[in-house]
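Undergrad: A single structure is presented below for examination.
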Amino acid sequence: MRILIGHNYYQQPGGEDGVFRSEIAMLKSFGHEVHVYERHNNEIKTDILSRISHAASLRFSKSSYDQARSLIRSFKPDVAHFHNTFFVMTAAVLYACRDEGVPVIVSLHNFRLMCINGLFLRDNKPCEDCLHGSRVSGIIHKCYRDSLALSVLATDMTNYHWRRKTWSDVVDHFVVATEFTRNKYIQAGIPPAKISVVPNFVEEPSYSTQGRGGYAFYAGRLSQEKGIDVLIKAWRHIKEFPLYIAGTGPMQKEIEASIKEHGLTHVKMLGFLENEDCRKMLSLAKFLIVPSACYENFPRVVAEAFACGVPVVANRLGTMEEIVKDGSLGLLYSNSDPEDLAAKAMEMINDADKYARLSANARQVYDLKYTPARHYEGLMNIYQRITAHA
């Protein structure tokens, strides 16, 4: 099968970039001919004329439309699959596929079609005002980068494509990673028959995962929406058992200062780790912690943990309750409560029998759901179904 795969990178790297790259490698490994179409938000220049020009094309980029049509005519794909189209590609590339008669799939890695910051988050708490009410709420609260002007532009772009029925009429099928995300998009108006769940996947670990390094592990952005402050507060209640933190972000200095202030010598900041180094650290951890205060879609680090037989402690919120089955694949704590997080971490540390069961279950669920073969099967079912009706 000839497959066109497109992705627009944000200025800050994100988890969907990894999904995009892994999916390309997987499809090639199964013998498909793949053409990659990539754009980057770094293409947006900082001078005022460039910004004005880009703002005028946020709804529909004619240059992206023309570029995509030209690419389709030369490559002649059987199907096109886009991951992110914001903000350089724009949804114009979807119309290019339609006008060239190519079935198009879109993977939804966040909630941006319903919420302009993509997180359903305001004041560090879950917020669904734009799903259940008017998307004007995103403007009122300056939900995109705390900017009124940018929030107006982002909301206008979102509303334009809902009015034009881009998502219901132009896109042939959507892919999401969890039932939680699927249900939110159905509530927003995507027809249920046009949206399927295909969980994220990771490769089989290429190194030994035997033995545990005697530490809890966090890997991710050091920012408020990720719950990093709650994690540090929880470790004030935990004596001696190490916590290793991999990542950088806007709260790094604040977190380092808090660690020093409270004498948390057993909390180690590892900084940025390359993917393979991060996976090795994760494979030897006692357990992974996902303290996000926002709705996650499906953090790949969770699938990586399961592949290594590493259980997860997570905030009982959104998709985490679906992915991390409480008492089976990990432990969930409530309401971003640092004391409850500390209690669940201590349970993981001290209850050897429960830990052994959680670890075995984690590896088993990886084999059942999160391997490349499972992802490929789910994706090909969609490709074959929509190309058969093209």
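Labels used: A, B, ... for chains in the order of the structure tokens, numbers from 1 for residues in each chain, and numbers from 1 for ligands as shown.
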Using only C-alpha atoms, which residues of segment 204-311 of chain A come within 10 Å of segment 349-361 of chain A, and what is the closest atom pair for each, with the distance in Å to one decimal? Give it as a Markdown table, sorted by chain and residue number.
TA:
```
| residue | atom | partner | partner_atom | distance |
| --- | --- | --- | --- | --- |
| A:Gly214 | CA | A:Ile349 | CA | 8.9 |
| A:Tyr215 | CA | A:Ile349 | CA | 9.2 |
| A:Ala216 | CA | A:Ile349 | CA | 9.1 |
| A:Phe241 | CA | A:Ile349 | CA | 8.4 |
| A:Lys286 | CA | A:Ile349 | CA | 7.8 |
| A:Phe287 | CA | A:Ile349 | CA | 8.7 |
| A:Ala305 | CA | A:Ser359 | CA | 9.6 |
| A:Phe306 | CA | A:Ser359 | CA | 7.9 |
| A:Ala307 | CA | A:Ser359 | CA | 9.9 |
| A:Cys308 | CA | A:Ser359 | CA | 8.5 |
| A:Gly309 | CA | A:Ser359 | CA | 4.8 |
| A:Val310 | CA | A:Ser359 | CA | 5.5 |
| A:Pro311 | CA | A:Ser359 | CA | 5.4 |
```
Undergrad: Write a file of the selected residues as an mmCIF file, in the first residue's frame, keeping C-alpha atoms.
TA:
```
data_model
loop_
_atom_site.group_PDB
_atom_site.id
_atom_site.type_symbol
_atom_site.label_atom_id
_atom_site.label_comp_id
_atom_site.auth_asym_id
_atom_site.auth_seq_id
_atom_site.Cartn_x
_atom_site.Cartn_y
_atom_site.Cartn_z
ATOM 1 C CA GLY A 214 15.117 0.894 43.794
ATOM 2 C CA TYR A 215 13.730 4.266 42.730
ATOM 3 C CA ALA A 216 10.512 5.874 41.540
ATOM 4 C CA PHE A 241 13.232 6.073 48.893
ATOM 5 C CA LYS A 286 10.488 0.317 40.801
ATOM 6 C CA PHE A 287 7.514 2.190 39.358
ATOM 7 C CA ALA A 305 6.695 1.112 31.455
ATOM 8 C CA PHE A 306 4.303 -1.771 30.825
ATOM 9 C CA ALA A 307 6.710 -3.236 28.238
ATOM 10 C CA CYS A 308 9.334 -3.394 30.998
ATOM 11 C CA GLY A 309 6.939 -4.769 33.609
ATOM 12 C CA VAL A 310 7.020 -1.469 35.517
ATOM 13 C CA PRO A 311 3.722 -0.602 37.263
#
```
Undergrad: Please run DSSP on the backbone and report, as a ChimeraX atom specification, all residues within segment 128-310 of chain A that come out as helix (DSSP H, G or I).
TA: /A:129-132,136-140,148-163,166-170,179-188,192-194,224-226,228-235,252-261,275-283,300-307
Undergrad: Taking only C-alpha atoms into account, which of A:Gly263, A:Leu379, A:Gln384, A:Ile238 comes nearest Lys344 of chain A?
TA: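 Looking at the shortest contact to Lys344 of chain A, the residue is A:Ile238.
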Undergrad: Write out as an MDAnalysis selection string which residues come within 8 Å of Ala80 of chain A when counting only C-alpha atoms, dropping same-chain ones fewer than 3 positions away.
TA: chainID A and resid 3:6 77 97 102:105
Undergrad: Have a look at A:Ile140, A:Leu131, A:Met157, A:Ala293 and name the one nearest to Ala92 of chain A; count only C-alpha atoms.
TA: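 Once distances to Ala92 of chain A are computed over only C-alpha atoms, the minimum belongs to A:Met157.
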Undergrad: If I take atom CA of Gly213 of chain A and atom CA of His237 of chain A, how far is one from the other in Å, to one decimal?
TA: 20.7 Å
Undergrad: For the strand (DSSP E or B) assignment from backbone DSSP, which residues of segment 63-258 of chain A qualify? Please present them as a PDB file with N, CA, C and O atoms, in the first residue's frame.
TA:
```pdb
ATOM      1  N   VAL A  79      -3.797   6.106   0.433  1.00  0.00           N
ATOM      2  CA  VAL A  79      -4.424   6.709   1.605  1.00  0.00           C
ATOM      3  C   VAL A  79      -3.471   7.758   2.161  1.00  0.00           C
ATOM      4  O   VAL A  79      -2.252   7.647   2.024  1.00  0.00           O
ATOM      5  N   ALA A  80      -4.042   8.797   2.786  1.00  0.00           N
ATOM      6  CA  ALA A  80      -3.241   9.823   3.467  1.00  0.00           C
ATOM      7  C   ALA A  80      -3.598   9.803   4.952  1.00  0.00           C
ATOM      8  O   ALA A  80      -4.763   9.657   5.314  1.00  0.00           O
ATOM      9  N   HIS A  81      -2.574   9.940   5.765  1.00  0.00           N
ATOM     10  CA  HIS A  81      -2.768   9.883   7.218  1.00  0.00           C
ATOM     11  C   HIS A  81      -2.011  11.050   7.844  1.00  0.00           C
ATOM     12  O   HIS A  81      -0.781  11.099   7.784  1.00  0.00           O
ATOM     13  N   PHE A  82      -2.754  11.981   8.453  1.00  0.00           N
ATOM     14  CA  PHE A  82      -2.145  13.149   9.069  1.00  0.00           C
ATOM     15  C   PHE A  82      -2.221  13.038  10.589  1.00  0.00           C
ATOM     16  O   PHE A  82      -3.229  12.569  11.149  1.00  0.00           O
ATOM     17  N   VAL A 104      -8.654  10.137   3.557  1.00  0.00           N
ATOM     18  CA  VAL A 104      -7.782  10.780   4.535  1.00  0.00           C
ATOM     19  C   VAL A 104      -8.174  10.407   5.965  1.00  0.00           C
ATOM     20  O   VAL A 104      -9.353  10.389   6.322  1.00  0.00           O
ATOM     21  N   ILE A 105      -7.150  10.085   6.748  1.00  0.00           N
ATOM     22  CA  ILE A 105      -7.298   9.747   8.159  1.00  0.00           C
ATOM     23  C   ILE A 105      -6.568  10.809   8.971  1.00  0.00           C
ATOM     24  O   ILE A 105      -5.508  11.296   8.562  1.00  0.00           O
ATOM     25  N   VAL A 106      -7.121  11.156  10.124  1.00  0.00           N
ATOM     26  CA  VAL A 106      -6.463  12.086  11.041  1.00  0.00           C
ATOM     27  C   VAL A 106      -6.344  11.433  12.405  1.00  0.00           C
ATOM     28  O   VAL A 106      -7.340  10.941  12.951  1.00  0.00           O
ATOM     29  N   SER A 107      -5.131  11.405  12.948  1.00  0.00           N
ATOM     30  CA  SER A 107      -4.929  10.967  14.332  1.00  0.00           C
ATOM     31  C   SER A 107      -5.061  12.169  15.248  1.00  0.00           C
ATOM     32  O   SER A 107      -4.464  13.223  15.001  1.00  0.00           O
ATOM     33  N   LEU A 121      -7.898  22.353  30.124  1.00  0.00           N
ATOM     34  CA  LEU A 121      -7.300  22.782  31.393  1.00  0.00           C
ATOM     35  C   LEU A 121      -7.386  24.303  31.522  1.00  0.00           C
ATOM     36  O   LEU A 121      -7.051  25.026  30.583  1.00  0.00           O
ATOM     37  N   ARG A 122      -7.834  24.748  32.698  1.00  0.00           N
ATOM     38  CA  ARG A 122      -7.810  26.177  33.016  1.00  0.00           C
ATOM     39  C   ARG A 122      -7.536  26.343  34.495  1.00  0.00           C
ATOM     40  O   ARG A 122      -8.116  25.617  35.315  1.00  0.00           O
ATOM     41  N   LYS A 125      -6.832  23.217  36.477  1.00  0.00           N
ATOM     42  CA  LYS A 125      -7.902  22.272  36.780  1.00  0.00           C
ATOM     43  C   LYS A 125      -8.607  21.898  35.484  1.00  0.00           C
ATOM     44  O   LYS A 125      -8.674  22.701  34.556  1.00  0.00           O
ATOM     45  N   PRO A 126      -9.163  20.674  35.410  1.00  0.00           N
ATOM     46  CA  PRO A 126      -9.897  20.289  34.196  1.00  0.00           C
ATOM     47  C   PRO A 126     -11.043  21.251  33.923  1.00  0.00           C
ATOM     48  O   PRO A 126     -11.766  21.664  34.843  1.00  0.00           O
ATOM     49  N   HIS A 173     -11.838   9.312   8.374  1.00  0.00           N
ATOM     50  CA  HIS A 173     -11.816   8.581   9.645  1.00  0.00           C
ATOM     51  C   HIS A 173     -10.806   9.221  10.591  1.00  0.00           C
ATOM     52  O   HIS A 173      -9.807   9.801  10.153  1.00  0.00           O
ATOM     53  N   PHE A 174     -11.112   9.119  11.879  1.00  0.00           N
ATOM     54  CA  PHE A 174     -10.224   9.609  12.925  1.00  0.00           C
ATOM     55  C   PHE A 174      -9.697   8.437  13.752  1.00  0.00           C
ATOM     56  O   PHE A 174     -10.397   7.447  13.952  1.00  0.00           O
ATOM     57  N   VAL A 175      -8.475   8.603  14.238  1.00  0.00           N
ATOM     58  CA  VAL A 175      -7.856   7.619  15.120  1.00  0.00           C
ATOM     59  C   VAL A 175      -7.541   8.302  16.442  1.00  0.00           C
ATOM     60  O   VAL A 175      -6.932   9.384  16.464  1.00  0.00           O
ATOM     61  N   VAL A 176      -7.944   7.685  17.541  1.00  0.00           N
ATOM     62  CA  VAL A 176      -7.584   8.157  18.878  1.00  0.00           C
ATOM     63  C   VAL A 176      -6.987   6.984  19.650  1.00  0.00           C
ATOM     64  O   VAL A 176      -7.131   5.824  19.257  1.00  0.00           O
ATOM     65  N   ILE A 195     -14.781   7.315  14.074  1.00  0.00           N
ATOM     66  CA  ILE A 195     -13.658   7.476  15.000  1.00  0.00           C
ATOM     67  C   ILE A 195     -13.367   6.153  15.710  1.00  0.00           C
ATOM     68  O   ILE A 195     -14.263   5.546  16.297  1.00  0.00           O
ATOM     69  N   SER A 196     -12.118   5.687  15.602  1.00  0.00           N
ATOM     70  CA  SER A 196     -11.723   4.389  16.142  1.00  0.00           C
ATOM     71  C   SER A 196     -10.588   4.548  17.152  1.00  0.00           C
ATOM     72  O   SER A 196      -9.775   5.464  17.049  1.00  0.00           O
ATOM     73  N   VAL A 197     -10.537   3.611  18.094  1.00  0.00           N
ATOM     74  CA  VAL A 197      -9.475   3.582  19.098  1.00  0.00           C
ATOM     75  C   VAL A 197      -8.374   2.624  18.643  1.00  0.00           C
ATOM     76  O   VAL A 197      -8.625   1.442  18.417  1.00  0.00           O
ATOM     77  N   ALA A 216      11.684   5.479  42.315  1.00  0.00           N
ATOM     78  CA  ALA A 216      10.512   5.874  41.540  1.00  0.00           C
ATOM     79  C   ALA A 216      10.993   6.784  40.419  1.00  0.00           C
ATOM     80  O   ALA A 216      12.026   7.451  40.544  1.00  0.00           O
ATOM     81  N   PHE A 217      10.221   6.823  39.321  1.00  0.00           N
ATOM     82  CA  PHE A 217      10.701   7.525  38.133  1.00  0.00           C
ATOM     83  C   PHE A 217       9.601   8.401  37.552  1.00  0.00           C
ATOM     84  O   PHE A 217       8.440   7.999  37.439  1.00  0.00           O
ATOM     85  N   TYR A 218       9.989   9.633  37.195  1.00  0.00           N
ATOM     86  CA  TYR A 218       9.111  10.545  36.451  1.00  0.00           C
ATOM     87  C   TYR A 218       9.863  10.978  35.198  1.00  0.00           C
ATOM     88  O   TYR A 218      11.044  11.348  35.266  1.00  0.00           O
ATOM     89  N   ALA A 219       9.184  10.952  34.050  1.00  0.00           N
ATOM     90  CA  ALA A 219       9.777  11.427  32.805  1.00  0.00           C
ATOM     91  C   ALA A 219       8.766  12.315  32.096  1.00  0.00           C
ATOM     92  O   ALA A 219       7.657  11.873  31.784  1.00  0.00           O
ATOM     93  N   LEU A 243      13.603   9.280  44.310  1.00  0.00           N
ATOM     94  CA  LEU A 243      12.778   9.680  43.180  1.00  0.00           C
ATOM     95  C   LEU A 243      13.706  10.297  42.147  1.00  0.00           C
ATOM     96  O   LEU A 243      14.446  11.239  42.441  1.00  0.00           O
ATOM     97  N   TYR A 244      13.691   9.754  40.918  1.00  0.00           N
ATOM     98  CA  TYR A 244      14.498  10.290  39.830  1.00  0.00           C
ATOM     99  C   TYR A 244      13.567  11.014  38.853  1.00  0.00           C
ATOM    100  O   TYR A 244      12.540  10.457  38.423  1.00  0.00           O
ATOM    101  N   ILE A 245      13.929  12.233  38.473  1.00  0.00           N
ATOM    102  CA  ILE A 245      13.098  13.068  37.608  1.00  0.00           C
ATOM    103  C   ILE A 245      13.869  13.378  36.331  1.00  0.00           C
ATOM    104  O   ILE A 245      14.927  14.009  36.364  1.00  0.00           O
ATOM    105  N   ALA A 246      13.339  12.934  35.201  1.00  0.00           N
ATOM    106  CA  ALA A 246      13.951  13.185  33.893  1.00  0.00           C
ATOM    107  C   ALA A 246      13.108  14.192  33.127  1.00  0.00           C
ATOM    108  O   ALA A 246      11.905  14.002  32.962  1.00  0.00           O
TER     109      ALA A 246
END
```
Undergrad: Which residues are near Ile24 of chain A? Cut-off 9 Å, only C-alpha atoms, ignore same chain within fewer than 5 positions. Put them as a PyMOL selection string.
TA: chain A and resi 5+19+29+34-36
Undergrad: Store the residues picked out above, limited to N, CA, C and O atoms, as a CSV table (one decimal), in the first residue's frame.
TA:
```
chain,number,residue,atom,x,y,z
A,5,ILE,N,2.0,10.1,4.8
A,5,ILE,CA,1.9,10.4,6.2
A,5,ILE,C,2.4,11.8,6.5
A,5,ILE,O,3.5,12.2,6.1
A,19,VAL,N,5.1,9.3,18.3
A,19,VAL,CA,4.1,8.4,17.7
A,19,VAL,C,4.2,8.5,16.1
A,19,VAL,O,4.2,7.4,15.5
A,29,SER,N,8.4,-1.3,8.0
A,29,SER,CA,8.9,-2.6,8.4
A,29,SER,C,7.9,-3.7,7.9
A,29,SER,O,8.3,-4.8,7.7
A,34,VAL,N,6.0,4.4,2.0
A,34,VAL,CA,5.6,5.5,2.8
A,34,VAL,C,6.3,6.8,2.3
A,34,VAL,O,7.5,6.8,2.1
A,35,HIS,N,5.5,7.8,2.0
A,35,HIS,CA,6.1,9.1,1.7
A,35,HIS,C,5.7,10.0,2.9
A,35,HIS,O,4.6,10.2,3.3
A,36,VAL,N,6.7,10.7,3.4
A,36,VAL,CA,6.6,11.6,4.6
A,36,VAL,C,6.5,13.0,4.2
A,36,VAL,O,7.3,13.5,3.5
```
Undergrad: Could you check the closest approach to Gly15 of chain A for each of A:Glu377, A:Glu347, A:Glu296, A:Asp337 and tell me which residue wins, using only C-alpha atoms?
TA: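 Looking only at the distances to Gly15 of chain A, the closest residue turns out to be A:Glu296.
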